[in-house]
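J.: Sharing entry.txt below, compact mmCIF, C-alpha atoms:
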# COMPACT_ATOMS: atom_id res chain seq x y z
CA MET P 1 6.46 16.04 20.93
CA SER P 2 3.28 17.34 22.52
CA ARG P 3 1.40 14.03 22.56
CA ASP P 4 2.13 10.34 22.23
CA LEU P 5 1.44 8.44 19.04
CA PRO P 6 -2.05 6.91 18.95
CA GLY P 7 -2.39 3.27 19.99
CA GLU P 8 0.30 0.83 21.08
CA PRO P 9 3.89 2.12 20.79
CA LEU P 10 5.03 -1.31 19.59
CA ILE P 11 2.71 -1.22 16.59
CA TRP P 12 4.41 2.03 15.53
CA VAL P 13 7.81 0.35 15.80
CA LEU P 14 6.42 -2.34 13.49
CA ILE P 15 4.95 0.23 11.08
CA LEU P 16 8.23 2.16 10.88
CA SER P 17 10.21 -1.07 10.44
CA GLU P 18 7.98 -2.24 7.61
CA LEU P 19 8.06 1.16 5.91
CA ALA P 20 11.86 1.15 6.14
CA VAL P 21 12.10 -2.38 4.67
CA PHE P 22 9.68 -1.75 1.81
CA GLY P 23 11.06 1.76 1.23
CA ALA P 24 14.58 0.34 0.91
CA GLY P 25 13.25 -2.36 -1.44
CA LEU P 26 11.60 0.23 -3.69
CA VAL P 27 14.71 2.43 -3.73
CA ALA P 28 16.85 -0.62 -4.60
CA PHE P 29 14.37 -1.60 -7.33
CA LEU P 30 14.60 1.83 -9.00
CA ALA P 31 18.39 1.99 -8.50
CA VAL P 32 18.88 -1.37 -10.27
CA ARG P 33 16.50 -0.20 -13.00
CA LEU P 34 19.07 2.48 -13.90
CA THR P 35 21.38 -0.31 -15.15
CA ASP P 36 18.80 -1.59 -17.68
CA PRO P 37 15.90 0.85 -18.19
CA ALA P 38 14.77 -0.73 -21.47
CA GLY P 39 14.79 -4.24 -20.00
CA PHE P 40 12.79 -3.10 -16.96
CA LEU P 41 10.24 -1.31 -19.19
CA GLU P 42 9.80 -4.39 -21.37
CA ALA P 43 9.48 -6.65 -18.31
CA GLN P 44 6.95 -4.30 -16.68
CA SER P 45 4.69 -4.57 -19.74
CA HIS P 46 4.02 -8.23 -18.78
CA LEU P 47 2.42 -7.26 -15.45
CA HIS P 48 -1.34 -6.87 -15.02
CA ARG P 49 -1.72 -3.12 -14.46
CA LEU P 50 -5.50 -3.12 -14.45
CA SER P 51 -5.69 -6.04 -12.02
CA ALA P 52 -3.24 -4.27 -9.69
CA GLY P 53 -5.25 -1.06 -10.00
CA ILE P 54 -8.41 -2.93 -9.05
CA ASN P 55 -6.51 -4.46 -6.14
CA THR P 56 -5.66 -0.95 -4.92
CA LEU P 57 -9.38 -0.11 -4.81
CA VAL P 58 -10.04 -3.44 -3.08
CA LEU P 59 -7.42 -2.83 -0.40
CA VAL P 60 -8.37 0.79 0.36
CA THR P 61 -12.01 -0.28 0.63
CA SER P 62 -11.07 -3.05 3.05
CA GLY P 63 -9.19 -0.39 5.06
CA TRP P 64 -12.39 1.66 5.22
CA PHE P 65 -14.31 -1.32 6.61
CA VAL P 66 -11.56 -1.94 9.18
CA ALA P 67 -11.65 1.71 10.26
CA ARG P 68 -15.43 1.40 10.69
CA ALA P 69 -14.98 -1.80 12.70
CA THR P 70 -12.81 0.02 15.23
CA GLN P 71 -15.46 2.71 15.67
CA GLY P 72 -18.70 0.74 15.45
CA ARG P 73 -19.98 -2.80 15.10
CA ILE P 74 -17.10 -5.21 14.69
CA TRP P 75 -18.15 -8.21 12.59
CA PRO P 76 -20.51 -6.50 10.12
CA ASN P 77 -17.44 -4.48 9.10
CA LEU P 78 -14.66 -7.03 9.63
CA LEU P 79 -16.28 -9.71 7.46
CA PRO P 80 -16.35 -7.58 4.28
CA ALA P 81 -12.82 -6.37 5.10
CA LEU P 82 -11.60 -9.98 5.32
CA ALA P 83 -13.48 -10.90 2.14
CA LEU P 84 -11.79 -8.04 0.29
CA GLY P 85 -8.43 -9.20 1.63
CA ALA P 86 -9.19 -12.61 0.10
CA VAL P 87 -10.13 -10.93 -3.20
CA PHE P 88 -6.77 -9.10 -3.16
CA LEU P 89 -4.88 -12.35 -2.67
CA GLY P 90 -7.01 -14.12 -5.31
CA LEU P 91 -6.24 -11.48 -7.95
CA LYS P 92 -2.56 -11.64 -7.04
CA LEU P 93 -2.53 -15.42 -7.42
CA VAL P 94 -4.22 -15.13 -10.83
CA GLU P 95 -1.53 -12.67 -11.93
CA TRP P 96 1.32 -14.87 -10.66
CA ALA P 97 -0.23 -17.97 -12.28
CA ASP P 98 -0.47 -16.15 -15.61
CA LEU P 99 3.16 -15.01 -15.40
CA ALA P 100 4.25 -18.54 -14.48
CA SER P 101 2.26 -20.02 -17.41
CA ARG P 102 4.28 -17.76 -19.72
CA GLY P 103 7.52 -19.06 -18.21
CA ILE P 104 8.23 -15.85 -16.28
CA SER P 105 9.97 -16.53 -12.97
CA THR P 106 12.24 -14.71 -10.53
CA GLU P 107 15.17 -15.79 -12.72
CA THR P 108 13.79 -14.30 -15.95
CA HIS P 109 15.00 -10.74 -15.32
CA ALA P 110 16.06 -8.58 -12.38
CA PHE P 111 12.73 -6.77 -12.71
CA PHE P 112 10.86 -9.97 -11.88
CA THR P 113 13.24 -10.83 -9.04
CA PHE P 114 12.25 -7.55 -7.39
CA SER P 115 8.58 -7.56 -8.37
CA TYR P 116 7.98 -11.13 -7.14
CA LEU P 117 9.92 -10.40 -3.95
CA LEU P 118 8.18 -7.10 -3.16
CA THR P 119 4.65 -8.16 -4.09
CA GLY P 120 5.13 -11.62 -2.55
CA PHE P 121 6.38 -10.17 0.73
CA HIS P 122 3.46 -7.74 0.71
CA ALA P 123 0.96 -10.53 -0.01
CA ALA P 124 2.38 -12.45 2.97
CA HIS P 125 1.60 -9.36 5.08
CA VAL P 126 -1.96 -9.27 3.70
CA LEU P 127 -2.42 -12.91 4.77
CA ALA P 128 -0.90 -12.21 8.20
CA GLY P 129 -3.13 -9.13 8.52
CA MET P 130 -6.24 -11.18 7.77
CA VAL P 131 -5.30 -13.68 10.49
CA LEU P 132 -4.55 -10.84 12.91
CA LEU P 133 -7.86 -9.09 12.20
CA ALA P 134 -9.81 -12.33 12.65
CA VAL P 135 -8.04 -13.14 15.93
CA THR P 136 -8.28 -9.62 17.39
CA GLY P 137 -11.91 -9.33 16.22
CA ALA P 138 -12.75 -12.62 17.93
CA THR P 139 -11.41 -11.33 21.26
CA GLY P 140 -13.99 -8.52 21.20
CA SER P 141 -11.39 -6.25 22.81
CA ARG P 142 -11.27 -2.76 21.29
CA PRO P 143 -7.55 -2.16 22.06
CA ALA P 144 -6.65 -5.53 20.50
CA LEU P 145 -8.75 -4.79 17.42
CA GLU P 146 -7.16 -1.34 17.10
CA ALA P 147 -3.72 -2.98 17.05
CA GLY P 148 -4.88 -5.41 14.34
CA ALA P 149 -6.44 -2.53 12.42
CA ALA P 150 -3.19 -0.52 12.60
CA PHE P 151 -1.34 -3.50 11.08
CA TRP P 152 -3.95 -3.66 8.28
CA HIS P 153 -3.64 0.06 7.53
CA MET P 154 0.16 -0.37 7.40
CA VAL P 155 -0.33 -3.10 4.77
CA ASP P 156 -2.59 -0.70 2.85
CA LEU P 157 0.01 2.08 3.19
CA VAL P 158 2.81 -0.12 1.83
CA TRP P 159 0.68 -1.11 -1.18
CA VAL P 160 -0.12 2.48 -2.17
CA LEU P 161 3.64 3.15 -2.29
CA LEU P 162 4.56 -0.15 -3.95
CA PHE P 163 1.88 -0.19 -6.68
CA PRO P 164 2.99 2.86 -8.69
CA VAL P 165 6.72 2.03 -8.48
CA VAL P 166 6.42 -1.60 -9.60
CA TYR P 167 3.46 -1.32 -11.99
CA LEU P 168 3.29 2.20 -13.38
CA VAL P 169 6.45 4.31 -13.56
CA MET X 170 -11.13 13.57 8.36
CA SER X 171 -13.70 10.80 8.79
CA PRO X 172 -13.00 7.23 7.56
CA THR X 173 -15.56 7.68 4.78
CA ARG X 174 -14.06 10.97 3.60
CA ALA X 175 -10.59 9.37 3.68
CA TRP X 176 -11.88 6.39 1.70
CA THR X 177 -13.37 8.75 -0.92
CA TRP X 178 -10.02 10.50 -1.29
CA LEU X 179 -8.21 7.16 -1.58
CA LEU X 180 -10.63 5.88 -4.23
CA GLY X 181 -10.32 9.07 -6.26
CA LEU X 182 -6.52 9.17 -6.10
CA SER X 183 -6.27 5.42 -6.88
CA ALA X 184 -8.57 5.74 -9.89
CA ALA X 185 -6.54 8.74 -11.09
CA SER X 186 -3.29 6.74 -10.78
CA THR X 187 -4.72 3.79 -12.69
CA LEU X 188 -6.07 6.04 -15.45
CA ALA X 189 -2.75 7.91 -15.59
CA GLY X 190 -1.02 4.55 -16.04
CA GLN X 191 -3.22 3.87 -19.06
CA GLY X 192 -2.90 7.30 -20.68
CA LEU X 193 0.27 9.10 -19.60
CA SER X 194 3.94 8.28 -20.00
CA GLY X 195 7.37 9.67 -19.11
CA PRO X 196 7.99 12.30 -16.43
CA LEU X 197 4.33 13.39 -16.32
CA LEU X 198 3.25 9.84 -15.42
CA THR X 199 5.99 9.53 -12.79
CA LEU X 200 5.12 12.84 -11.12
CA THR X 201 1.37 12.15 -11.24
CA VAL X 202 1.37 8.64 -9.81
CA LEU X 203 4.11 9.15 -7.21
CA GLY X 204 2.49 12.43 -6.15
CA ALA X 205 -0.82 10.60 -5.80
CA SER X 206 0.81 7.81 -3.79
CA PHE X 207 2.33 10.40 -1.42
CA TRP X 208 -1.11 11.89 -0.78
CA LYS X 209 -2.71 8.47 -0.36
CA ALA X 210 -0.08 7.51 2.20
CA ARG X 211 -0.70 10.81 4.03
CA VAL X 212 -4.44 10.15 4.12
CA ILE X 213 -3.93 6.64 5.54
CA LEU X 214 -1.53 7.89 8.20
CA ALA X 215 -3.73 10.83 9.16
CA ALA X 216 -7.22 9.37 9.05
CA TYR X 217 -6.79 5.62 9.58
CA LEU X 218 -3.70 5.51 11.78
CA GLY X 219 -4.82 8.56 13.76
CA LEU X 220 -1.94 10.98 13.15
CA GLN X 221 -4.44 13.80 12.50
CA ARG X 222 -4.91 13.85 16.28
CA VAL X 223 -1.19 14.48 16.88
CA PRO X 224 -0.07 17.21 14.45
CA GLY X 225 3.55 17.12 15.67
CA TRP X 226 3.95 13.46 14.78
CA GLN X 227 2.03 13.99 11.56
CA ARG X 228 4.64 16.56 10.46
CA VAL X 229 7.44 14.09 11.27
CA PHE X 230 5.82 11.37 9.16
CA ASP X 231 5.02 13.86 6.38
CA LEU X 232 8.72 14.79 6.20
CA GLY X 233 9.85 11.16 6.10
CA LEU X 234 7.27 10.30 3.46
CA ALA X 235 8.16 13.35 1.39
CA ALA X 236 11.85 12.41 1.54
CA LEU X 237 11.12 8.84 0.40
CA THR X 238 8.86 10.09 -2.41
CA ALA X 239 11.51 12.58 -3.54
CA VAL X 240 14.16 9.82 -3.72
CA LEU X 241 11.76 7.58 -5.69
CA ILE X 242 10.96 10.42 -8.12
CA VAL X 243 14.65 11.26 -8.66
CA LEU X 244 15.52 7.61 -9.32
CA ALA X 245 12.50 7.08 -11.57
CA LEU X 246 13.34 10.15 -13.67
CA ALA X 247 17.12 9.54 -13.81
Show me the file's structure as structure tokens.

T.:
Amino acid sequence: MSRDLPGEPLIWVLILSELAVFGAGLVAFLAVRLTDPAGFLEAQSHLHRLSAGINTLVLVTSGWFVARATQGRIWPNLLPALALGAVFLGLKLVEWADLASRGISTETHAFFTFSYLLTGFHAAHVLAGMVLLAVTGATGSRPALEAGAAFWHMVDLVWVLLFPVVYLV
Amino acid sequence: MSPTRAWTWLLGLSAASTLAGQGLSGPLLTLTVLGASFWKARVILAAYLGLQRVPGWQRVFDLGLAALTAVLIVLALA
């Protein structure tokens, strides 16, 4: 390879590991769906597609602010990015609360076992990413912030792959 | 690609996926939204994670992403 990957090599190990984990989860989800396509389709109809679609716009916009923070002024860009991360988690909590109020849990159907697991694991990464961005932003160090930003973009990347598989197809 | 141009692409592709989810169904929906997710992932890797500066690595990630997307499409259409 003519040049090294940008940024810290360890962050790329993390990115590849996360992509492998979530990629395997999505492949397993669709493989199990083959055993009960009608049940998966019916279960999927209970999810909030529009809310998840809005969350996609929220997350990619937060990624834009984070990219701007690495190139320009840090906090005027990090604060809206963190706020949008909180909006993402808020919408996710509303969706989970609605499903729970209708008695839908991880035990209801295999679809929900996977969807709660995949979206829950991703939401945990969003929360971790917010903490990482706040901590690396507070250091004022550009290399540290770039590592935090790379983690955030990885979270964004996972969501754009996860959203259509769990919510749309 | 600048961050703002990348963001514009991501917004457009995300809106298209959400609208496709409301209006399309079957194989056309699968191909549209998984195709869009492949391009969105490419944009994030290239513009936000900096792979556009290292074309060799970008090709490696493109291949991996294309393979994953192909497997997802095959399973979704099976």

J.: Applying 7 Å and only C-alpha atoms, which residues near region 129-143 of chain P remain after dropping the ones on its own chain fewer than 5 positions away? List them as a list in words.

T.: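 Counting only C-alpha atoms, the residues come to Thr70, Ile74, Leu82, Gly85, Gly148, Ala149, Phe151 and Trp152 of chain P.
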
J.: Should the cut-off be 7 Å, what would the residue list for chain X against chain P look like, counting all atoms listed in the file, as an MDAnalysis selection string?

T.: chainID X and resid 172:173 176 179:180 183 187 190 198:199 202:203 206 209:210 213 217:219 223 225 241 244:245

J.: Can you work out the spacing between CA of Ala215 (chain X) and CA of Met170 (chain X) in Å, to one decimal?

T.: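 Here the two named atoms are 7.9 Å from each other.
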
J.: Show me, as a list in words, the residues that have an atom within 9 Å of region 229-232 of chain X when counting all atoms listed in the file, minus same-chain residues fewer than 2 positions from it.

T.: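 Surrounding residues, per the criterion: Phe207, Arg211, Leu214, Leu220, Pro224, Gly225, Trp226, Gln227, Leu234, Ala235, Ala236 and Leu237 of chain X.
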
J.: Generate a file for region 198-211 of chain X, containing N, CA, C and O atoms, as a short mmCIF file (atom, residue, chain, number, x, y, z; two decimals), in the first residue's frame.

T.:
data_model
loop_
_atom_site.label_atom_id
_atom_site.label_comp_id
_atom_site.auth_asym_id
_atom_site.auth_seq_id
_atom_site.Cartn_x
_atom_site.Cartn_y
_atom_site.Cartn_z
N LEU X 198 -37.23 -2.18 -3.53
CA LEU X 198 -36.91 -1.52 -2.26
C LEU X 198 -35.56 -1.99 -1.73
O LEU X 198 -34.71 -1.18 -1.32
N THR X 199 -35.36 -3.31 -1.75
CA THR X 199 -34.10 -3.88 -1.24
C THR X 199 -32.90 -3.31 -1.98
O THR X 199 -31.93 -2.86 -1.36
N LEU X 200 -32.97 -3.33 -3.33
CA LEU X 200 -31.84 -2.85 -4.12
C LEU X 200 -31.62 -1.35 -3.92
O LEU X 200 -30.48 -0.89 -3.84
N THR X 201 -32.70 -0.60 -3.82
CA THR X 201 -32.58 0.86 -3.65
C THR X 201 -31.95 1.22 -2.32
O THR X 201 -30.97 1.98 -2.26
N VAL X 202 -32.49 0.66 -1.23
CA VAL X 202 -32.00 1.11 0.08
C VAL X 202 -30.63 0.51 0.43
O VAL X 202 -29.81 1.18 1.06
N LEU X 203 -30.37 -0.72 0.00
CA LEU X 203 -29.04 -1.28 0.30
C LEU X 203 -27.98 -0.67 -0.63
O LEU X 203 -26.83 -0.47 -0.22
N GLY X 204 -28.38 -0.32 -1.85
CA GLY X 204 -27.46 0.42 -2.74
C GLY X 204 -27.13 1.78 -2.15
O GLY X 204 -25.97 2.21 -2.14
N ALA X 205 -28.17 2.45 -1.64
CA ALA X 205 -27.96 3.78 -1.03
C ALA X 205 -27.07 3.65 0.21
O ALA X 205 -26.19 4.50 0.44
N SER X 206 -27.26 2.61 1.00
CA SER X 206 -26.45 2.47 2.22
C SER X 206 -24.99 2.20 1.86
O SER X 206 -24.08 2.67 2.55
N PHE X 207 -24.76 1.45 0.77
CA PHE X 207 -23.38 1.23 0.30
C PHE X 207 -22.72 2.57 -0.04
O PHE X 207 -21.59 2.84 0.38
N TRP X 208 -23.43 3.42 -0.77
CA TRP X 208 -22.85 4.71 -1.17
C TRP X 208 -22.65 5.63 0.03
O TRP X 208 -21.65 6.34 0.12
N LYS X 209 -23.59 5.57 0.97
CA LYS X 209 -23.42 6.39 2.18
C LYS X 209 -22.18 5.96 2.96
O LYS X 209 -21.41 6.79 3.44
N ALA X 210 -22.01 4.65 3.09
CA ALA X 210 -20.84 4.14 3.81
C ALA X 210 -19.56 4.56 3.10
O ALA X 210 -18.57 4.94 3.74
N ARG X 211 -19.57 4.51 1.76
CA ARG X 211 -18.40 4.95 0.98
C ARG X 211 -18.08 6.42 1.23
O ARG X 211 -16.92 6.80 1.38
#
